[in-house]
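The file work.cif comes next; it holds mmCIF, C-alpha atoms.
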data_final
loop_
_atom_site.label_atom_id
_atom_site.label_comp_id
_atom_site.auth_asym_id
_atom_site.auth_seq_id
_atom_site.Cartn_x
_atom_site.Cartn_y
_atom_site.Cartn_z
CA MET A 14 -19.91 70.00 45.71
CA THR A 15 -17.69 68.00 43.41
CA LYS A 16 -17.40 68.83 39.74
CA ILE A 17 -17.97 65.97 37.34
CA THR A 18 -18.34 65.92 33.59
CA ILE A 19 -20.51 63.45 31.73
CA ILE A 20 -20.02 63.53 27.98
CA ALA A 21 -22.99 62.37 25.94
CA PHE A 22 -22.39 60.12 22.93
CA ASP A 23 -22.80 63.08 20.55
CA GLY A 24 -19.96 64.85 22.36
CA THR A 25 -22.08 67.29 24.40
CA PRO A 26 -20.43 67.78 27.79
CA PHE A 27 -22.57 68.06 30.92
CA ASN A 28 -20.56 69.86 33.60
CA LEU A 29 -22.32 69.07 36.85
CA ASP A 30 -21.99 70.00 40.48
CA ALA A 31 -22.50 66.69 42.22
CA GLU A 32 -23.11 66.11 45.87
CA ASN A 33 -20.69 63.78 47.61
CA GLY A 34 -22.33 60.44 48.29
CA SER A 35 -24.64 60.68 45.28
CA THR A 36 -24.03 58.39 42.33
CA VAL A 37 -22.89 59.49 38.89
CA MET A 38 -26.09 57.88 37.52
CA GLU A 39 -28.31 59.99 39.80
CA ASN A 40 -26.59 63.16 38.59
CA ALA A 41 -26.99 62.09 34.98
CA ILE A 42 -30.72 61.40 35.39
CA ARG A 43 -31.34 64.60 37.36
CA ASN A 44 -29.72 66.62 34.61
CA GLY A 45 -31.27 64.75 31.71
CA VAL A 46 -28.03 63.43 30.21
CA PRO A 47 -29.13 61.50 27.12
CA GLY A 48 -28.16 57.84 26.92
CA ILE A 49 -28.31 57.02 30.62
CA GLU A 50 -31.47 54.95 31.07
CA ALA A 51 -31.09 53.45 34.56
CA GLU A 52 -34.07 51.17 34.01
CA CYS A 53 -33.79 49.53 37.46
CA GLY A 54 -33.37 52.79 39.33
CA GLY A 55 -29.89 52.15 40.65
CA ALA A 56 -30.15 48.62 42.03
CA CYS A 57 -27.20 47.34 39.97
CA ALA A 58 -29.71 45.11 38.24
CA CYS A 59 -29.94 46.17 34.61
CA ALA A 60 -26.71 47.56 33.06
CA THR A 61 -28.47 50.50 31.38
CA CYS A 62 -26.35 53.23 33.02
CA HIS A 63 -23.10 52.01 31.49
CA VAL A 64 -20.33 54.62 31.07
CA TYR A 65 -16.69 54.69 30.06
CA VAL A 66 -14.44 56.26 32.67
CA ASP A 67 -11.85 58.62 31.20
CA GLU A 68 -8.46 56.87 31.12
CA ALA A 69 -6.97 59.47 33.47
CA TRP A 70 -9.56 58.57 36.09
CA THR A 71 -9.76 54.77 36.02
CA GLY A 72 -7.26 54.44 38.88
CA GLU A 73 -9.07 56.79 41.23
CA VAL A 74 -12.55 55.45 40.32
CA GLY A 75 -11.42 51.87 40.89
CA GLU A 76 -12.55 48.47 39.69
CA PRO A 77 -16.15 47.22 39.70
CA GLU A 78 -17.30 44.91 42.46
CA PRO A 79 -18.05 41.32 41.35
CA MET A 80 -21.82 42.00 41.25
CA GLU A 81 -21.30 44.98 38.97
CA GLU A 82 -18.83 43.02 36.85
CA ASP A 83 -21.59 40.39 36.41
CA MET A 84 -24.10 43.02 35.33
CA LEU A 85 -21.61 44.45 32.84
CA ASP A 86 -21.99 41.18 30.94
CA PHE A 87 -25.34 42.60 29.79
CA ALA A 88 -23.92 45.90 28.58
CA TYR A 89 -22.95 46.81 25.02
CA GLU A 90 -19.31 47.18 23.91
CA VAL A 91 -17.80 46.66 27.31
CA GLN A 92 -14.23 47.95 27.61
CA PRO A 93 -11.67 47.74 30.40
CA ASN A 94 -12.78 51.22 31.56
CA SER A 95 -16.48 50.32 31.60
CA ARG A 96 -18.44 50.97 34.79
CA LEU A 97 -22.09 51.18 35.76
CA SER A 98 -22.61 54.80 36.78
CA CYS A 99 -25.05 53.83 39.54
CA GLN A 100 -22.12 52.20 41.32
CA ILE A 101 -19.75 55.19 41.20
CA LYS A 102 -20.23 57.35 44.27
CA VAL A 103 -19.11 60.96 44.07
CA ARG A 104 -16.42 61.97 46.59
CA ASP A 105 -13.80 64.73 46.94
CA GLU A 106 -11.11 62.69 45.20
CA LEU A 107 -13.27 62.50 42.06
CA ASP A 108 -13.34 66.29 41.57
CA GLY A 109 -12.87 66.78 37.83
CA LEU A 110 -14.03 63.25 36.92
CA ILE A 111 -14.86 62.66 33.27
CA VAL A 112 -17.05 59.80 32.04
CA ARG A 113 -18.45 59.14 28.58
CA VAL A 114 -21.81 57.69 27.61
CA PRO A 115 -21.63 54.78 25.12
CA GLU A 116 -23.48 54.73 21.82
CA ARG A 117 -26.28 52.66 23.34
CA GLN A 118 -27.33 50.90 26.50
CA GLY A 119 -27.80 47.41 25.07
CA MET B 508 -58.39 21.44 23.28
CA SER B 509 -57.55 24.20 25.70
CA THR B 510 -59.68 24.35 28.78
CA THR B 511 -61.03 27.68 29.92
CA THR B 512 -60.22 29.00 33.38
CA ARG B 513 -63.01 31.16 34.78
CA THR B 514 -62.51 33.67 37.55
CA ASP B 515 -64.02 36.92 38.79
CA ILE B 516 -60.93 38.99 38.16
CA LEU B 517 -57.95 38.29 35.98
CA VAL B 518 -54.90 40.12 37.30
CA ILE B 519 -52.10 40.58 34.79
CA GLY B 520 -48.85 40.78 36.70
CA ALA B 521 -48.00 39.23 40.07
CA GLY B 522 -45.78 42.00 41.43
CA PRO B 523 -46.48 43.62 44.80
CA VAL B 524 -49.38 45.69 43.51
CA GLY B 525 -51.00 42.77 41.67
CA LEU B 526 -50.67 40.69 44.82
CA PHE B 527 -52.24 43.33 47.06
CA ALA B 528 -55.09 43.69 44.57
CA VAL B 529 -55.99 40.11 45.51
CA PHE B 530 -56.42 41.25 49.10
CA GLU B 531 -58.60 44.27 48.40
CA LEU B 532 -60.71 42.40 45.85
CA GLY B 533 -60.92 39.42 48.19
CA LEU B 534 -62.46 41.54 50.92
CA LEU B 535 -65.21 42.28 48.41
CA ASP B 536 -65.66 38.55 47.66
CA LEU B 537 -63.99 38.70 44.27
CA LYS B 538 -61.76 35.76 43.35
CA CYS B 539 -58.57 36.42 41.46
CA HIS B 540 -56.39 34.53 39.04
CA LEU B 541 -52.98 36.02 38.29
CA ILE B 542 -50.83 35.60 35.19
CA ASP B 543 -47.15 36.48 35.13
CA ILE B 544 -44.36 36.01 32.64
CA LEU B 545 -41.89 35.18 35.41
CA ASP B 546 -41.80 31.77 37.08
CA ARG B 547 -42.74 33.08 40.54
CA PRO B 548 -44.60 35.93 42.22
CA GLY B 549 -42.97 39.26 43.02
CA GLY B 550 -42.31 40.95 39.68
CA GLN B 551 -39.35 43.34 39.68
CA CYS B 552 -38.98 42.91 43.44
CA ALA B 553 -38.24 39.21 42.98
CA GLU B 554 -36.45 39.39 39.64
CA LEU B 555 -34.31 42.53 39.81
CA TYR B 556 -33.47 43.28 43.44
CA PRO B 557 -34.76 40.65 45.89
CA GLU B 558 -32.04 41.41 48.45
CA LYS B 559 -32.36 45.20 48.32
CA PRO B 560 -34.03 46.87 51.28
CA ILE B 561 -37.06 49.09 50.61
CA TYR B 562 -37.48 51.96 53.06
CA ASP B 563 -40.80 53.52 52.10
CA ILE B 564 -43.34 50.82 52.89
CA PRO B 565 -45.49 52.19 55.72
CA ALA B 566 -44.73 50.56 59.09
CA TRP B 567 -41.70 48.74 57.65
CA PRO B 568 -38.67 50.94 58.34
CA SER B 569 -36.76 48.50 56.16
CA ILE B 570 -37.83 45.37 54.36
CA THR B 571 -36.12 43.49 51.54
CA ALA B 572 -37.96 43.32 48.26
CA GLN B 573 -38.29 39.53 48.54
CA GLY B 574 -39.37 39.94 52.17
CA LEU B 575 -42.17 42.22 51.03
CA VAL B 576 -43.29 39.69 48.42
CA ASP B 577 -43.27 36.88 51.00
CA LYS B 578 -45.36 38.97 53.40
CA LEU B 579 -47.86 39.84 50.65
CA MET B 580 -48.19 36.17 49.71
CA GLU B 581 -48.92 35.40 53.36
CA GLN B 582 -51.43 38.24 53.57
CA ILE B 583 -53.45 37.14 50.51
CA GLU B 584 -53.34 33.44 51.30
CA PRO B 585 -56.85 33.42 52.89
CA PHE B 586 -58.30 34.48 49.53
CA GLY B 587 -56.85 31.49 47.71
CA PRO B 588 -55.59 33.22 44.59
CA THR B 589 -54.52 30.99 41.72
CA PHE B 590 -51.55 31.64 39.46
CA THR B 591 -50.34 30.93 35.96
CA PHE B 592 -46.62 31.58 35.64
CA ASN B 593 -44.28 31.70 32.64
CA ARG B 594 -47.00 33.09 30.43
CA MET B 595 -47.59 36.34 28.66
CA VAL B 596 -51.10 37.52 27.92
CA ALA B 597 -51.71 37.86 24.21
CA GLY B 598 -55.27 38.35 23.00
CA LEU B 599 -58.25 40.09 24.53
CA GLU B 600 -61.86 39.97 23.48
CA ARG B 601 -65.03 41.23 25.08
CA LEU B 602 -67.80 38.66 25.24
CA GLU B 603 -71.49 39.36 24.69
CA ASP B 604 -72.27 39.39 28.40
CA GLY B 605 -69.64 42.09 28.99
CA SER B 606 -67.04 39.77 30.44
CA PHE B 607 -63.60 39.25 28.91
CA ARG B 608 -61.72 36.40 27.30
CA VAL B 609 -57.94 36.56 27.49
CA THR B 610 -55.56 34.16 25.79
CA THR B 611 -51.90 33.60 26.59
CA ASP B 612 -48.92 33.15 24.29
CA GLU B 613 -49.31 29.40 24.86
CA GLY B 614 -52.99 29.39 23.96
CA GLU B 615 -54.56 29.04 27.41
CA ILE B 616 -57.92 30.73 27.76
CA PHE B 617 -59.14 32.74 30.72
CA GLU B 618 -62.54 34.31 31.21
CA ALA B 619 -63.13 37.00 33.79
CA LYS B 620 -65.72 39.60 34.67
CA ALA B 621 -63.05 42.29 34.94
CA ILE B 622 -59.38 42.68 34.12
CA VAL B 623 -56.78 44.31 36.31
CA ILE B 624 -53.56 45.26 34.54
CA ALA B 625 -50.82 45.35 37.15
CA ALA B 626 -47.99 44.79 34.72
CA GLY B 627 -45.46 47.22 36.22
CA GLY B 628 -42.80 48.19 33.71
CA GLY B 629 -44.21 45.65 31.29
CA SER B 630 -43.44 42.02 30.82
CA PHE B 631 -39.89 40.78 31.22
CA GLN B 632 -38.56 39.74 27.86
CA PRO B 633 -35.13 38.63 26.71
CA LYS B 634 -32.87 41.51 25.87
CA ARG B 635 -31.89 41.77 22.22
CA PRO B 636 -28.13 42.19 22.06
CA PRO B 637 -27.04 45.26 20.09
CA ILE B 638 -25.63 43.31 17.14
CA PRO B 639 -26.28 45.08 13.84
CA GLY B 640 -28.81 43.25 11.65
CA ILE B 641 -29.72 40.63 14.27
CA GLU B 642 -33.46 41.23 13.63
CA GLU B 643 -33.38 39.57 10.24
CA TYR B 644 -32.24 36.27 11.75
CA GLU B 645 -34.65 36.20 14.69
CA GLY B 646 -36.96 33.22 14.67
CA THR B 647 -35.00 31.49 11.90
CA SER B 648 -31.42 31.33 13.18
CA VAL B 649 -31.39 33.50 16.28
CA PHE B 650 -33.42 32.41 19.30
CA TYR B 651 -33.70 33.85 22.80
CA SER B 652 -34.92 30.65 24.40
CA VAL B 653 -34.98 26.97 23.56
CA ARG B 654 -38.50 25.68 23.16
CA ARG B 655 -37.63 22.46 21.29
CA MET B 656 -34.14 21.04 21.59
CA GLU B 657 -34.64 19.09 18.35
CA ASP B 658 -34.56 22.37 16.41
CA PHE B 659 -30.90 22.61 17.35
CA ARG B 660 -29.79 19.09 16.43
CA ASP B 661 -26.80 18.86 14.09
CA HIS B 662 -26.40 22.62 13.98
CA ASP B 663 -23.32 24.72 14.59
CA ILE B 664 -24.51 26.47 17.70
CA LEU B 665 -23.13 29.69 19.12
CA ILE B 666 -24.20 30.57 22.65
CA VAL B 667 -23.42 34.03 24.03
CA GLY B 668 -23.48 34.97 27.69
CA GLY B 669 -22.09 34.09 31.08
CA GLY B 670 -25.11 33.38 33.26
CA ASP B 671 -27.04 30.27 34.14
CA SER B 672 -29.10 30.25 30.93
CA ALA B 673 -25.98 30.36 28.76
CA LEU B 674 -24.24 27.66 30.77
CA ASP B 675 -27.27 25.38 31.12
CA TRP B 676 -27.96 25.43 27.40
CA THR B 677 -24.29 24.89 26.61
CA LEU B 678 -24.40 21.71 28.69
CA ASN B 679 -27.81 20.57 27.42
CA LEU B 680 -27.29 21.24 23.73
CA GLN B 681 -23.71 20.02 23.46
CA PRO B 682 -24.68 16.33 22.95
CA LEU B 683 -26.86 17.12 19.94
CA ALA B 684 -24.93 19.98 18.39
CA ARG B 685 -22.68 19.42 15.41
CA ARG B 686 -20.39 21.94 17.02
CA LEU B 687 -20.99 24.27 19.93
CA THR B 688 -19.13 27.45 20.81
CA LEU B 689 -19.67 29.50 23.94
CA VAL B 690 -18.72 33.17 23.74
CA HIS B 691 -18.43 35.30 26.85
CA ARG B 692 -16.57 38.56 27.37
CA ARG B 693 -14.44 37.21 30.23
CA ALA B 694 -13.40 33.92 31.81
CA GLU B 695 -15.53 34.45 34.93
CA PHE B 696 -19.18 33.38 35.00
CA ARG B 697 -22.09 34.32 37.20
CA ALA B 698 -23.58 30.85 37.05
CA ALA B 699 -23.79 27.82 39.30
CA PRO B 700 -20.16 26.74 39.97
CA ASP B 701 -21.01 23.15 39.05
CA SER B 702 -22.21 24.21 35.59
CA VAL B 703 -19.08 26.29 35.08
CA ASN B 704 -16.87 23.33 36.03
CA ARG B 705 -18.75 21.02 33.70
CA MET B 706 -18.46 23.54 30.87
CA PHE B 707 -14.69 23.85 31.36
CA ALA B 708 -14.42 20.05 31.48
CA LEU B 709 -16.20 19.81 28.10
CA HIS B 710 -13.83 22.46 26.83
CA GLU B 711 -10.82 20.43 28.05
CA GLU B 712 -12.17 17.37 26.26
CA GLU B 713 -12.57 19.54 23.15
CA LYS B 714 -16.28 18.77 22.99
CA ILE B 715 -17.09 22.47 22.95
CA ALA B 716 -15.17 25.61 22.10
CA PHE B 717 -14.96 28.55 24.44
CA GLN B 718 -14.08 31.98 23.11
CA ILE B 719 -13.57 35.15 25.11
CA GLY B 720 -15.04 38.12 23.30
CA GLN B 721 -18.17 39.98 22.23
CA VAL B 722 -20.20 39.35 19.09
CA SER B 723 -19.94 42.39 16.84
CA GLY B 724 -21.52 41.25 13.61
CA LEU B 725 -23.35 38.47 11.77
CA LYS B 726 -22.93 36.96 8.33
CA GLY B 727 -25.56 35.16 6.33
CA GLU B 728 -28.45 35.80 4.01
CA GLY B 729 -32.18 35.40 3.82
CA GLY B 730 -32.44 34.85 7.56
CA LYS B 731 -29.97 31.98 7.35
CA LEU B 732 -27.04 32.61 9.62
CA GLN B 733 -23.61 31.44 8.47
CA ALA B 734 -21.15 32.98 10.90
CA ALA B 735 -20.69 35.43 13.72
CA ILE B 736 -17.84 37.88 14.07
CA VAL B 737 -16.42 37.88 17.56
CA LYS B 738 -14.17 40.67 18.83
CA GLY B 739 -11.76 39.09 21.26
CA PRO B 740 -8.64 40.12 23.11
CA HIS B 741 -6.54 39.16 20.06
CA GLY B 742 -8.66 40.81 17.40
CA GLU B 743 -11.60 39.57 15.37
CA VAL B 744 -12.42 35.97 14.64
CA GLU B 745 -15.18 34.56 12.50
CA ILE B 746 -17.05 31.64 14.02
CA PRO B 747 -19.22 29.59 11.64
CA CYS B 748 -22.66 29.02 13.12
CA THR B 749 -26.20 28.31 11.99
CA ARG B 750 -27.90 28.86 15.35
CA LEU B 751 -27.27 31.75 17.72
CA LEU B 752 -28.57 31.85 21.27
CA PRO B 753 -27.84 35.18 22.99
CA PHE B 754 -28.54 35.30 26.73
CA PHE B 755 -28.28 38.95 27.73
CA GLY B 756 -30.75 39.10 30.57
CA LEU B 757 -34.22 40.57 30.59
CA THR B 758 -35.74 43.90 29.80
CA MET B 759 -39.30 45.15 30.27
CA LYS B 760 -41.69 45.76 27.40
CA LEU B 761 -45.38 46.62 27.39
CA GLY B 762 -45.99 43.68 25.06
CA PRO B 763 -49.31 42.70 23.48
CA ILE B 764 -51.32 44.86 25.92
CA ALA B 765 -50.26 47.73 23.65
CA ASP B 766 -52.54 46.25 20.98
CA TRP B 767 -55.65 45.97 23.11
CA GLY B 768 -57.10 49.25 21.88
CA LEU B 769 -56.66 51.01 25.21
CA ASN B 770 -55.64 54.65 25.19
CA LEU B 771 -51.93 54.91 25.93
CA HIS B 772 -49.71 57.69 27.21
CA GLU B 773 -46.02 57.07 26.43
CA ASN B 774 -46.38 53.31 26.89
CA LEU B 775 -48.39 53.75 30.07
CA VAL B 776 -52.11 53.20 30.50
CA PRO B 777 -54.03 56.35 31.51
CA VAL B 778 -56.65 55.87 34.21
CA ASP B 779 -58.95 58.07 36.24
CA THR B 780 -58.12 58.47 39.91
CA GLU B 781 -61.53 57.45 41.22
CA LYS B 782 -61.79 54.00 39.68
CA PHE B 783 -58.36 53.46 38.15
CA GLN B 784 -60.22 52.34 35.08
CA THR B 785 -58.73 52.45 31.59
CA SER B 786 -60.50 53.80 28.53
CA GLU B 787 -62.27 50.42 28.40
CA PRO B 788 -64.94 49.86 31.11
CA GLY B 789 -64.14 46.77 33.17
CA ILE B 790 -60.41 46.98 32.48
CA PHE B 791 -58.49 48.58 35.30
CA ALA B 792 -54.80 49.46 35.56
CA VAL B 793 -52.84 49.85 38.79
CA GLY B 794 -49.23 50.32 39.83
CA ASP B 795 -46.32 51.39 37.66
CA ILE B 796 -48.15 50.64 34.40
CA ASN B 797 -50.80 53.33 34.84
CA TRP B 798 -50.62 57.06 34.43
CA TYR B 799 -52.60 59.98 35.80
CA PRO B 800 -51.62 63.55 36.65
CA GLY B 801 -49.27 63.48 39.61
CA LYS B 802 -48.55 59.76 39.29
CA LEU B 803 -45.67 58.48 41.39
CA LYS B 804 -44.26 55.04 40.64
CA LEU B 805 -44.24 53.87 44.23
CA ILE B 806 -45.40 50.54 45.64
CA LEU B 807 -47.16 52.67 48.24
CA SER B 808 -49.21 54.43 45.57
CA GLY B 809 -50.05 51.11 43.95
CA PHE B 810 -51.48 49.83 47.23
CA HIS B 811 -53.75 52.87 47.47
CA GLU B 812 -54.80 52.45 43.86
CA VAL B 813 -55.91 48.83 44.31
CA ALA B 814 -58.12 49.73 47.29
CA LEU B 815 -60.08 52.22 45.20
CA MET B 816 -59.98 50.06 42.10
CA ALA B 817 -61.48 47.13 44.03
CA GLN B 818 -64.54 49.20 44.94
CA ALA B 819 -64.98 50.22 41.31
CA ALA B 820 -64.49 46.65 40.07
CA LYS B 821 -67.11 45.40 42.52
CA ARG B 822 -69.57 48.03 41.27
CA HIS B 823 -68.77 47.12 37.70
CA ILE B 824 -69.43 43.44 38.31
CA SER B 825 -72.43 43.82 40.63
CA PRO B 826 -74.13 47.07 39.67
CA GLY B 827 -76.74 48.17 42.16
CA GLU B 828 -75.43 46.01 44.95
CA ARG B 829 -74.81 48.02 48.10
CA ILE B 830 -71.19 47.93 49.23
CA VAL B 831 -70.89 48.34 52.96
CA PHE B 832 -67.65 50.02 53.94
CA GLN B 833 -65.99 48.05 56.71
CA TYR B 834 -62.77 47.88 58.70
CA THR B 835 -60.79 44.67 59.13
CA THR B 836 -60.25 45.60 62.80
CA SER B 837 -63.92 45.40 63.67
CA SER B 838 -65.95 43.71 60.94
CA THR B 839 -66.73 40.08 61.71
CA SER B 840 -67.67 39.47 58.10
CA LEU B 841 -64.25 40.68 56.90
CA GLN B 842 -62.56 38.70 59.65
CA LYS B 843 -64.38 35.58 58.49
CA LYS B 844 -63.01 36.09 55.00
CA LEU B 845 -59.54 36.48 56.48
CA GLY B 846 -60.00 33.34 58.58
CA VAL B 847 -59.40 35.21 61.82
CA ALA B 848 -62.96 35.50 63.21
CA GLY B 849 -63.11 34.52 66.89
#
Written form, structure tokens:
Amino acid sequence: MTKITIIAFDGTPFNLDAENGSTVMENAIRNGVPGIEAECGGACACATCHVYVDEAWTGEVGEPEPMEEDMLDFAYEVQPNSRLSCQIKVRDELDGLIVRVPERQG
Amino acid sequence: MSTTTRTDILVIGAGPVGLFAVFELGLLDLKCHLIDILDRPGGQCAELYPEKPIYDIPAWPSITAQGLVDKLMEQIEPFGPTFTFNRMVAGLERLEDGSFRVTTDEGEIFEAKAIVIAAGGGSFQPKRPPIPGIEEYEGTSVFYSVRRMEDFRDHDILIVGGGDSALDWTLNLQPLARRLTLVHRRAEFRAAPDSVNRMFALHEEEKIAFQIGQVSGLKGEGGKLQAAIVKGPHGEVEIPCTRLLPFFGLTMKLGPIADWGLNLHENLVPVDTEKFQTSEPGIFAVGDINWYPGKLKLILSGFHEVALMAQAAKRHISPGERIVFQYTTSSTSLQKKLGVAG
């Protein structure tokens, strides 16, 4: 299990034990993190699981693929550390990962 | 004058479950007409994830969403379903003989003996960008599609987005705009390369302006837009505009069906699990749009639901008529309907 923290827009932290290979979005949905909608169910087709990756983690998490970058066009207040959480797969190196949920999902 | 299309069953939604309803109803000699807001069959499968493999369709260890739609279209072909695309259903009324009259957002009229709502997550509608106060300009200065190009002539037009819709309308409206600005959050576009090249060429010739950034606010009054505030890499700029066209993709909304007087459960339509009938006799709901205890939003479940619903719809339309239960493997009468009788 890898520890990840998803911080809701109101500041509430969700400290989760995430299975390697699962996506950050799946962990958010399973644990009822408010603000992650994931309308399309993880197909990288809707941009409603948008998160901001903590600055300390952007390097390890990496850049979005072109398809994800395209979907981010539909998200709200996109920043350089924006990612779609359905496209971030949990792995050992992400132990301690922190992501934040934006004010709204478009 | 609008003509009236008459059919046995009007199916609202041409996703996988709506399509398979045609098959099950067809076996019972019921003709279907389908209406969908998209421009082709397949619903979410075709619009959101056509290339994604689906792994839980029985007997298909893996099939792409578009592949499934293509196979369903092939399977229902013998029943000759007819389609109306690019339309949203609007009004519903029950006629004296118990049948239904449905109108679309464009005023077409359909009459059917029963209605099958197979609308999935709802109808795809343009996403409203999260710009504060945008609602008060909608329909006067802010539009999500271009119905009449003339309404944009001699206006200062601001188009937002980086997909094909944004690029196509930039190219099409440029000749009649007083001034046209395209705003996108980056210099890369997910649109046809030819359109992107043509847009950059217009930009070179200074026939349009292109601004990298995201719209963060609007200025104007009484529904009359005057300017948009765009947050770019070098801070905020104010772009004068009297027409705003945001193209932020599609989202799903229940739409006018919500006003049909059916009982609803959190934006879903409750049904019983024998007939899959709504609170209104003769109106059925199948697939992701319905709700009953234990409901799973699976294509698989939708297929089961339409088989039972078809029996109930047949009984509703032809009360008293005996329905003989038959298998497609052995029934010559079913095989005739499928066009495979020896």
Please build the interface table for chain B against chain A with a cut-off of 9 Å, listing for each qualifying residue the nearest atom pair and the distance in Å to one decimal; count all atoms listed in the file, order rows by chain and increasing number, and write it as JSON lines.
{"residue": "B:Gln551", "atom": "CA", "partner": "A:Cys53", "partner_atom": "CA", "distance": 8.6}
{"residue": "B:Glu554", "atom": "CA", "partner": "A:Ala58", "partner_atom": "CA", "distance": 9.0}
{"residue": "B:Leu555", "atom": "CA", "partner": "A:Ala58", "partner_atom": "CA", "distance": 5.5}
{"residue": "B:Tyr556", "atom": "CA", "partner": "A:Ala56", "partner_atom": "CA", "distance": 6.4}
{"residue": "B:Lys559", "atom": "CA", "partner": "A:Ala56", "partner_atom": "CA", "distance": 7.5}
{"residue": "B:Lys634", "atom": "CA", "partner": "A:Gly119", "partner_atom": "CA", "distance": 7.8}
{"residue": "B:Arg635", "atom": "CA", "partner": "A:Gly119", "partner_atom": "CA", "distance": 7.5}
{"residue": "B:Pro636", "atom": "CA", "partner": "A:Gly119", "partner_atom": "CA", "distance": 6.0}
{"residue": "B:Pro637", "atom": "CA", "partner": "A:Gly119", "partner_atom": "CA", "distance": 5.5}
{"residue": "B:Gly668", "atom": "CA", "partner": "A:Asp86", "partner_atom": "CA", "distance": 7.2}
{"residue": "B:Gly669", "atom": "CA", "partner": "A:Asp86", "partner_atom": "CA", "distance": 7.1}
{"residue": "B:Gly670", "atom": "CA", "partner": "A:Asp83", "partner_atom": "CA", "distance": 8.5}
{"residue": "B:His691", "atom": "CA", "partner": "A:Asp86", "partner_atom": "CA", "distance": 8.0}
{"residue": "B:Arg692", "atom": "CA", "partner": "A:Asp86", "partner_atom": "CA", "distance": 7.0}
{"residue": "B:Arg693", "atom": "CA", "partner": "A:Asp86", "partner_atom": "CA", "distance": 8.6}
{"residue": "B:Glu695", "atom": "CA", "partner": "A:Asp83", "partner_atom": "CA", "distance": 8.6}
{"residue": "B:Phe696", "atom": "CA", "partner": "A:Asp83", "partner_atom": "CA", "distance": 7.5}
{"residue": "B:Arg697", "atom": "CA", "partner": "A:Asp83", "partner_atom": "CA", "distance": 6.1}
{"residue": "B:Gln721", "atom": "CA", "partner": "A:Glu90", "partner_atom": "CA", "distance": 7.5}
{"residue": "B:Ser723", "atom": "CA", "partner": "A:Glu90", "partner_atom": "CA", "distance": 8.6}
{"residue": "B:Phe754", "atom": "CA", "partner": "A:Phe87", "partner_atom": "CA", "distance": 8.5}
{"residue": "B:Phe755", "atom": "CA", "partner": "A:Phe87", "partner_atom": "CA", "distance": 5.1}
{"residue": "B:Gly756", "atom": "CA", "partner": "A:Phe87", "partner_atom": "CA", "distance": 6.5}
{"residue": "B:Leu757", "atom": "CA", "partner": "A:Cys59", "partner_atom": "CA", "distance": 8.1}
{"residue": "B:Thr758", "atom": "CA", "partner": "A:Cys59", "partner_atom": "CA", "distance": 7.9}
{"residue": "B:Met759", "atom": "CA", "partner": "A:Glu52", "partner_atom": "CA", "distance": 8.8}
Write a file of the selected residues as an mmCIF file, in the coordinates of the input, keeping C-alpha atoms.
data_model
loop_
_atom_site.group_PDB
_atom_site.id
_atom_site.type_symbol
_atom_site.label_atom_id
_atom_site.label_comp_id
_atom_site.auth_asym_id
_atom_site.auth_seq_id
_atom_site.Cartn_x
_atom_site.Cartn_y
_atom_site.Cartn_z
ATOM 1 C CA GLN B 551 -39.350 43.340 39.680
ATOM 2 C CA GLU B 554 -36.450 39.390 39.640
ATOM 3 C CA LEU B 555 -34.310 42.530 39.810
ATOM 4 C CA TYR B 556 -33.470 43.280 43.440
ATOM 5 C CA LYS B 559 -32.360 45.200 48.320
ATOM 6 C CA LYS B 634 -32.870 41.510 25.870
ATOM 7 C CA ARG B 635 -31.890 41.770 22.220
ATOM 8 C CA PRO B 636 -28.130 42.190 22.060
ATOM 9 C CA PRO B 637 -27.040 45.260 20.090
ATOM 10 C CA GLY B 668 -23.480 34.970 27.690
ATOM 11 C CA GLY B 669 -22.090 34.090 31.080
ATOM 12 C CA GLY B 670 -25.110 33.380 33.260
ATOM 13 C CA HIS B 691 -18.430 35.300 26.850
ATOM 14 C CA ARG B 692 -16.570 38.560 27.370
ATOM 15 C CA ARG B 693 -14.440 37.210 30.230
ATOM 16 C CA GLU B 695 -15.530 34.450 34.930
ATOM 17 C CA PHE B 696 -19.180 33.380 35.000
ATOM 18 C CA ARG B 697 -22.090 34.320 37.200
ATOM 19 C CA GLN B 721 -18.170 39.980 22.230
ATOM 20 C CA SER B 723 -19.940 42.390 16.840
ATOM 21 C CA PHE B 754 -28.540 35.300 26.730
ATOM 22 C CA PHE B 755 -28.280 38.950 27.730
ATOM 23 C CA GLY B 756 -30.750 39.100 30.570
ATOM 24 C CA LEU B 757 -34.220 40.570 30.590
ATOM 25 C CA THR B 758 -35.740 43.900 29.800
ATOM 26 C CA MET B 759 -39.300 45.150 30.270
#
Where does the PyMOL selection byres ((chain B and resi 513) around 7) land in this file, that is, which residues does it pick, as a PyMOL selection string? chain B and resi 511-512+514+617-619
For the file shown, what are the residues hit by the PyMOL selection byres ((chain B and resi 519) around 12), laid out as a VMD selection string? chain B and resid 516 to 518 520 to 526 528 to 529 539 to 545 548 550 590 to 592 594 to 597 599 609 to 611 617 619 621 to 627 629 to 630 761 to 764 790 to 794 796
Residues picked by the PyMOL selection byres ((chain B and resi 682) around 12) here, as a list in words?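 Against this file, the PyMOL selection byres ((chain B and resi 682) around 12) returns the residues Met656, Glu657, Phe659, Arg660, Asp661, His662, Asp663, Ile664, Trp676, Thr677, Leu678, Asn679, Leu680, Gln681, Leu683, Ala684, Arg685, Arg686, Leu687, Leu709, Lys714 and Ile715 of chain B.
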Quote the spacing between CA of Gln100 in chain A and CA of Leu575 in chain B in Å to one decimal place. 24.4 Å
In Å, with one decimal, what is the gap from CA of Ala673 in chain B to CA of Leu752 in chain B?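 Interatomic distance here is 8.1 Å.
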